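Input: a single structure, listed below in structure tokens.
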Amino acid sequence: MTARLNIAVIGLGAAARNIHLPAIRKIGDLNLVGGVDPVADPEAFPFPVFRSTADLWSATKPDIIAIVTPPDSHYALTLEALDRGAHVFCEKPFVLTMDEGRTVIARARETGRHVVVNNEFRFMNVHEAARKAIGSQDFGDLLFVSINQTFFVTEATEEGWRGASKRRTCFEFGTHALDLCRYFFGEEPWAISARMPKPDRPGGPDYLNLIQLEFSGDRVAHITLDRLSRGPHRYLDIRLDGTQACVETRLGGQAQLTFGIRGGARKPFVQLDLAPSASAHLLTGNRRRKLATDPGDLFPHSTAKLLGRMVEALRTGGTPPCDAADNINTLALMLAAYDSSDAGGARLPLDVLTPRGKAKQG
């Protein structure tokens, strides 16, 4: 029987409690040996809680370190873990600059360790189903991707480092949307243009993102992240248009009963759609077929799938999906979006992305 790998978690805030710790519990190949947090209540966790990384390293030797701390701490913690001989599973964005990203990638190679970035959206059942449909007889070739979020901002959503940052929406959530565009098209974009208007608070956070990516063959992705809206909260809606059909995905549980009359034949219809947390449908005209749903624990479920793939790669000597060498291109897109917006929405070529061509698929 293969020995389980030891994992420790740095940062025991809401993201760790609600996503990473439940994800780790789903993976039988992992043994949780401790957590690090200077203020967490040790009595609240069924594993040792250390006040510093120095205390952690003196007490145990994890094979994997999960970094679930604010982004400005990721770089130093990642290098420390690599130098201690541990692999890293890091929240996004994994670093703040391209230079930091290149240093992390070089250090990982030097130490023979892997750094994986938690782009768990690729591993949600609905997005995997959408990606699988591309190139199929029913869907055809991918022509256009539209990604939309309407997020109702409150004091609770802006607590901590998120609300304190002027680079807010694209920095914290846009990395997921940009990474999904790379995932669906299966290649790197050629150019980006972005506007981040601030009509209600000049100099404030970027609560509105309008981003366009250009891919080969005159194909385009458009991203709208709207946190100015005081209307209904729609966490993430995606439409993929193909030559034969389209796929629509939605994050957010729903129970929807629809009545209507179909065009042409003028036949009435009744349609019930149940999805605990997310759904994906293939649509051709008014005809729709469900492709996939996700369980209620959407984020732990998808994070566990990625973490499990990482463990499998470590066992077999392969390269895990969403490793830093691939994810640095998602980081570059996020930074380029801000550069484009600062330049008044200028269209920027993306020569910084390497390699230009097929992206690694999760």
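Residue numbering restarts at 1 in every chain; chains get A, B, ... in the order shown in the structure tokens, and ligands count up from 1 in that same order.
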
| request: Within region 177-358 of chain A, find each residue whose DSSP state, derived from the backbone, is strand (DSSP E or B), and express the selection as a PyMOL selection string. | output: chain A and resi 187+191-195+208-215+219-226+234-242+246-251+254-261+268-275+278-284+287-294+323+348-349+358

Taking C-alpha atoms for each residue, export the selection above as an mmCIF file, in the first residue's frame.
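Produced file out14.cif, reproduced below:
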```cif
data_model
loop_
_atom_site.group_PDB
_atom_site.id
_atom_site.type_symbol
_atom_site.label_atom_id
_atom_site.label_comp_id
_atom_site.auth_asym_id
_atom_site.auth_seq_id
_atom_site.Cartn_x
_atom_site.Cartn_y
_atom_site.Cartn_z
ATOM 1 C CA GLU A 187 -4.632 28.133 -27.125
ATOM 2 C CA ALA A 191 -4.382 40.348 -28.170
ATOM 3 C CA ILE A 192 -6.356 41.891 -25.313
ATOM 4 C CA SER A 193 -8.290 45.114 -24.798
ATOM 5 C CA ALA A 194 -10.016 46.179 -21.597
ATOM 6 C CA ARG A 195 -11.976 49.034 -20.091
ATOM 7 C CA LEU A 208 -16.788 47.021 -13.827
ATOM 8 C CA ASN A 209 -14.576 45.011 -16.201
ATOM 9 C CA LEU A 210 -15.148 44.911 -19.968
ATOM 10 C CA ILE A 211 -12.460 42.660 -21.461
ATOM 11 C CA GLN A 212 -11.999 41.291 -24.973
ATOM 12 C CA LEU A 213 -9.563 38.557 -25.993
ATOM 13 C CA GLU A 214 -8.676 37.794 -29.615
ATOM 14 C CA PHE A 215 -7.814 34.249 -30.676
ATOM 15 C CA ARG A 219 -12.419 34.256 -32.865
ATOM 16 C CA VAL A 220 -13.170 36.323 -29.779
ATOM 17 C CA ALA A 221 -13.978 36.023 -26.078
ATOM 18 C CA HIS A 222 -15.788 38.799 -24.241
ATOM 19 C CA ILE A 223 -15.872 39.110 -20.458
ATOM 20 C CA THR A 224 -18.220 41.384 -18.506
ATOM 21 C CA LEU A 225 -17.740 41.468 -14.740
ATOM 22 C CA ASP A 226 -20.322 43.859 -13.305
ATOM 23 C CA ARG A 234 -25.687 36.081 -10.973
ATOM 24 C CA TYR A 235 -22.383 34.536 -10.058
ATOM 25 C CA LEU A 236 -21.228 33.327 -13.485
ATOM 26 C CA ASP A 237 -23.024 32.755 -16.782
ATOM 27 C CA ILE A 238 -21.080 31.527 -19.826
ATOM 28 C CA ARG A 239 -22.165 31.013 -23.427
ATOM 29 C CA LEU A 240 -19.994 29.173 -25.945
ATOM 30 C CA ASP A 241 -21.145 29.584 -29.567
ATOM 31 C CA GLY A 242 -20.190 26.830 -31.983
ATOM 32 C CA CYS A 246 -24.157 26.582 -28.287
ATOM 33 C CA VAL A 247 -23.437 25.581 -24.718
ATOM 34 C CA GLU A 248 -24.625 27.639 -21.774
ATOM 35 C CA THR A 249 -23.307 27.157 -18.263
ATOM 36 C CA ARG A 250 -24.519 28.778 -15.070
ATOM 37 C CA LEU A 251 -23.088 28.791 -11.556
ATOM 38 C CA GLN A 254 -31.616 26.937 -9.403
ATOM 39 C CA ALA A 255 -35.034 25.358 -9.608
ATOM 40 C CA GLN A 256 -36.661 26.850 -12.705
ATOM 41 C CA LEU A 257 -40.050 26.018 -14.228
ATOM 42 C CA THR A 258 -40.550 27.483 -17.704
ATOM 43 C CA PHE A 259 -43.759 27.718 -19.739
ATOM 44 C CA GLY A 260 -43.846 28.918 -23.340
ATOM 45 C CA ILE A 261 -44.766 28.426 -26.965
ATOM 46 C CA PRO A 268 -46.731 24.944 -25.982
ATOM 47 C CA PHE A 269 -44.081 23.497 -23.685
ATOM 48 C CA VAL A 270 -43.310 23.073 -19.995
ATOM 49 C CA GLN A 271 -39.712 22.682 -18.833
ATOM 50 C CA LEU A 272 -38.357 21.969 -15.336
ATOM 51 C CA ASP A 273 -34.665 22.590 -14.676
ATOM 52 C CA LEU A 274 -33.113 21.513 -11.372
ATOM 53 C CA ALA A 275 -29.434 22.078 -10.535
ATOM 54 C CA ALA A 278 -24.331 24.649 -11.465
ATOM 55 C CA SER A 279 -25.667 23.475 -14.807
ATOM 56 C CA ALA A 280 -24.555 23.114 -18.428
ATOM 57 C CA HIS A 281 -26.900 22.748 -21.417
ATOM 58 C CA LEU A 282 -26.419 22.189 -25.137
ATOM 59 C CA LEU A 283 -28.840 24.349 -27.144
ATOM 60 C CA THR A 284 -29.856 24.244 -30.800
ATOM 61 C CA ARG A 287 -34.052 22.569 -28.155
ATOM 62 C CA ARG A 288 -31.937 22.059 -25.053
ATOM 63 C CA ARG A 289 -30.203 19.065 -23.517
ATOM 64 C CA LYS A 290 -28.612 18.970 -20.098
ATOM 65 C CA LEU A 291 -24.907 18.097 -20.222
ATOM 66 C CA ALA A 292 -23.879 18.257 -16.575
ATOM 67 C CA THR A 293 -24.541 19.578 -13.085
ATOM 68 C CA ASP A 294 -22.339 20.017 -10.022
ATOM 69 C CA ASP A 323 1.139 24.333 -12.741
ATOM 70 C CA LEU A 348 -2.337 45.193 -26.625
ATOM 71 C CA PRO A 349 -0.507 42.336 -28.378
ATOM 72 C CA LYS A 358 -1.751 25.246 -27.629
#
```

| Filtered DSSP result for region 50-223 of chain A, state helix (DSSP H, G or I), as a PyMOL selection string | chain A and resi 53-59+71-83+98-111+120-123+125-133+161-164+169-185+216-218

Per-residue nearest contacts region 171-195 of chain A to region 91-114 of chain A, cut-off 12 Å, using only C-alpha atoms, as a Markdown table:
```
| residue | atom | partner | partner_atom | distance |
| --- | --- | --- | --- | --- |
| A:Phe171 | CA | A:Pro93 | CA | 7.5 |
| A:Glu172 | CA | A:Pro93 | CA | 7.5 |
| A:Phe173 | CA | A:Lys92 | CA | 9.0 |
| A:Gly174 | CA | A:Pro93 | CA | 10.0 |
| A:Thr175 | CA | A:Pro93 | CA | 7.2 |
| A:His176 | CA | A:Lys92 | CA | 8.6 |
| A:Leu178 | CA | A:Pro93 | CA | 11.8 |
| A:Asp179 | CA | A:Lys92 | CA | 10.9 |
```

| request: Work out how far CA of Asn119 (chain A) is from CA of Thr169 (chain A), in Å to one decimal. | output: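 Taking CA of Thr169 (chain A) and CA of Asn119 (chain A), their separation equals 15.9 Å.
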
| Could you work out how far CA of Ile65 (chain A) lies from CA of Phe89 (chain A), giving the answer in Å with one decimal? |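 Going from CA of Phe89 (chain A) over to CA of Ile65 (chain A) covers 6.1 Å.
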
| said: Which residue is closest to Ile7 (chain A)? Choose from A:Asp63, A:Asp206, A:Asp297, A:Asp200 and count only C-alpha atoms. | reply: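 Under the stated criterion, the closest residue is A:Asp63.
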
| request: Rounded to one decimal place, report the CA of Pro70 (chain A)-CA of Leu5 (chain A) distance in Å. | output: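 CA of Pro70 (chain A) sits 25.3 Å away from CA of Leu5 (chain A).
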
| A:Glu188, A:Phe45, A:Leu307, A:Glu80: which is nearest Asp326 (chain A), counting only C-alpha atoms? |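 Between A:Glu188, A:Phe45, A:Leu307, A:Glu80, the residue approaching Asp326 (chain A) most closely is A:Glu188.
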
| query | Which residues come within 9 Å of Ile64 (chain A), counting only C-alpha atoms, excluding same-chain residues fewer than 4 positions away, as a list in words? | reply |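 Answer for this query is Leu5, Asn6, Ile7, Ala8, Val9, Ala81, Gly85, Ala86, His87, Val88 and Phe89 of chain A.
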
| task | Using only C-alpha atoms, find the one residue out of A:Thr316, A:Trp190, A:Pro46, A:Leu228 that sits nearest to Gly204 (chain A). | result |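 Once distances to Gly204 (chain A) are computed over only C-alpha atoms, the minimum belongs to A:Leu228.
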
| said: Excluding Asp342 (chain A) and its own-chain neighbours fewer than 2 positions away, which residues fall within 12 Å of it when counting only C-alpha atoms? Please give them as a ChimeraX atom specification. | reply: /A:167,193-198,203,206,335-340,344-348

Would you put the residues from that selection into a file with N, CA, C and O atoms, as a JSON list (two decimals), in the first residue's frame?
```
[["chain", "number", "residue", "atom", "x", "y", "z"],
["A", 167, "ARG", "N", -7.12, 47.36, -7.23],
["A", 167, "ARG", "CA", -7.22, 46.32, -8.25],
["A", 167, "ARG", "C", -8.02, 45.19, -7.64],
["A", 167, "ARG", "O", -7.49, 44.29, -7.01],
["A", 193, "SER", "N", -7.91, 43.72, -25.04],
["A", 193, "SER", "CA", -8.29, 45.11, -24.80],
["A", 193, "SER", "C", -9.27, 45.12, -23.63],
["A", 193, "SER", "O", -10.07, 44.18, -23.48],
["A", 194, "ALA", "N", -9.19, 46.15, -22.81],
["A", 194, "ALA", "CA", -10.02, 46.18, -21.60],
["A", 194, "ALA", "C", -10.35, 47.62, -21.21],
["A", 194, "ALA", "O", -9.54, 48.53, -21.38],
["A", 195, "ARG", "N", -11.56, 47.78, -20.71],
["A", 195, "ARG", "CA", -11.98, 49.03, -20.09],
["A", 195, "ARG", "C", -12.51, 48.70, -18.71],
["A", 195, "ARG", "O", -13.25, 47.73, -18.52],
["A", 196, "MET", "N", -12.15, 49.51, -17.74],
["A", 196, "MET", "CA", -12.62, 49.34, -16.37],
["A", 196, "MET", "C", -13.16, 50.68, -15.87],
["A", 196, "MET", "O", -12.53, 51.37, -15.07],
["A", 197, "PRO", "N", -14.33, 51.09, -16.40],
["A", 197, "PRO", "CA", -14.88, 52.40, -16.04],
["A", 197, "PRO", "C", -15.22, 52.47, -14.55],
["A", 197, "PRO", "O", -15.58, 51.48, -13.92],
["A", 198, "LYS", "N", -15.10, 53.67, -14.00],
["A", 198, "LYS", "CA", -15.42, 53.91, -12.59],
["A", 198, "LYS", "C", -16.34, 55.13, -12.49],
["A", 198, "LYS", "O", -15.96, 56.19, -11.99],
["A", 203, "GLY", "N", -11.00, 56.66, -9.06],
["A", 203, "GLY", "CA", -9.89, 56.30, -8.18],
["A", 203, "GLY", "C", -10.19, 55.14, -7.27],
["A", 203, "GLY", "O", -9.33, 54.69, -6.52],
["A", 206, "ASP", "N", -11.96, 48.59, -9.30],
["A", 206, "ASP", "CA", -12.49, 48.30, -10.63],
["A", 206, "ASP", "C", -13.70, 47.37, -10.50],
["A", 206, "ASP", "O", -13.61, 46.17, -10.67],
["A", 335, "LEU", "N", -2.74, 41.01, -15.70],
["A", 335, "LEU", "CA", -1.94, 42.22, -15.63],
["A", 335, "LEU", "C", -2.10, 43.05, -16.91],
["A", 335, "LEU", "O", -2.17, 44.29, -16.86],
["A", 336, "ALA", "N", -2.18, 42.38, -18.07],
["A", 336, "ALA", "CA", -2.35, 43.08, -19.33],
["A", 336, "ALA", "C", -3.71, 43.77, -19.41],
["A", 336, "ALA", "O", -3.84, 44.84, -20.03],
["A", 337, "ALA", "N", -4.73, 43.19, -18.79],
["A", 337, "ALA", "CA", -6.05, 43.82, -18.78],
["A", 337, "ALA", "C", -5.98, 45.17, -18.06],
["A", 337, "ALA", "O", -6.55, 46.17, -18.52],
["A", 338, "TYR", "N", -5.28, 45.22, -16.93],
["A", 338, "TYR", "CA", -5.12, 46.50, -16.23],
["A", 338, "TYR", "C", -4.28, 47.48, -17.06],
["A", 338, "TYR", "O", -4.59, 48.68, -17.12],
["A", 339, "ASP", "N", -3.24, 46.99, -17.73],
["A", 339, "ASP", "CA", -2.42, 47.86, -18.57],
["A", 339, "ASP", "C", -3.26, 48.47, -19.70],
["A", 339, "ASP", "O", -3.14, 49.66, -20.01],
["A", 340, "SER", "N", -4.10, 47.63, -20.33],
["A", 340, "SER", "CA", -4.95, 48.12, -21.41],
["A", 340, "SER", "C", -5.93, 49.17, -20.91],
["A", 340, "SER", "O", -6.13, 50.21, -21.54],
["A", 344, "GLY", "N", -6.49, 53.51, -21.69],
["A", 344, "GLY", "CA", -7.73, 53.93, -22.33],
["A", 344, "GLY", "C", -8.40, 52.87, -23.16],
["A", 344, "GLY", "O", -9.18, 53.18, -24.07],
["A", 345, "GLY", "N", -8.11, 51.60, -22.87],
["A", 345, "GLY", "CA", -8.71, 50.51, -23.63],
["A", 345, "GLY", "C", -7.91, 50.10, -24.84],
["A", 345, "GLY", "O", -8.45, 49.46, -25.75],
["A", 346, "ALA", "N", -6.64, 50.43, -24.86],
["A", 346, "ALA", "CA", -5.80, 50.12, -26.02],
["A", 346, "ALA", "C", -5.73, 48.62, -26.27],
["A", 346, "ALA", "O", -5.72, 47.81, -25.33],
["A", 347, "ARG", "N", -5.67, 48.25, -27.55],
["A", 347, "ARG", "CA", -5.50, 46.84, -27.93],
["A", 347, "ARG", "C", -4.03, 46.49, -27.80],
["A", 347, "ARG", "O", -3.18, 47.06, -28.48],
["A", 348, "LEU", "N", -3.72, 45.55, -26.91],
["A", 348, "LEU", "CA", -2.34, 45.19, -26.62],
["A", 348, "LEU", "C", -2.02, 43.81, -27.18],
["A", 348, "LEU", "O", -2.74, 42.85, -26.90]]
```
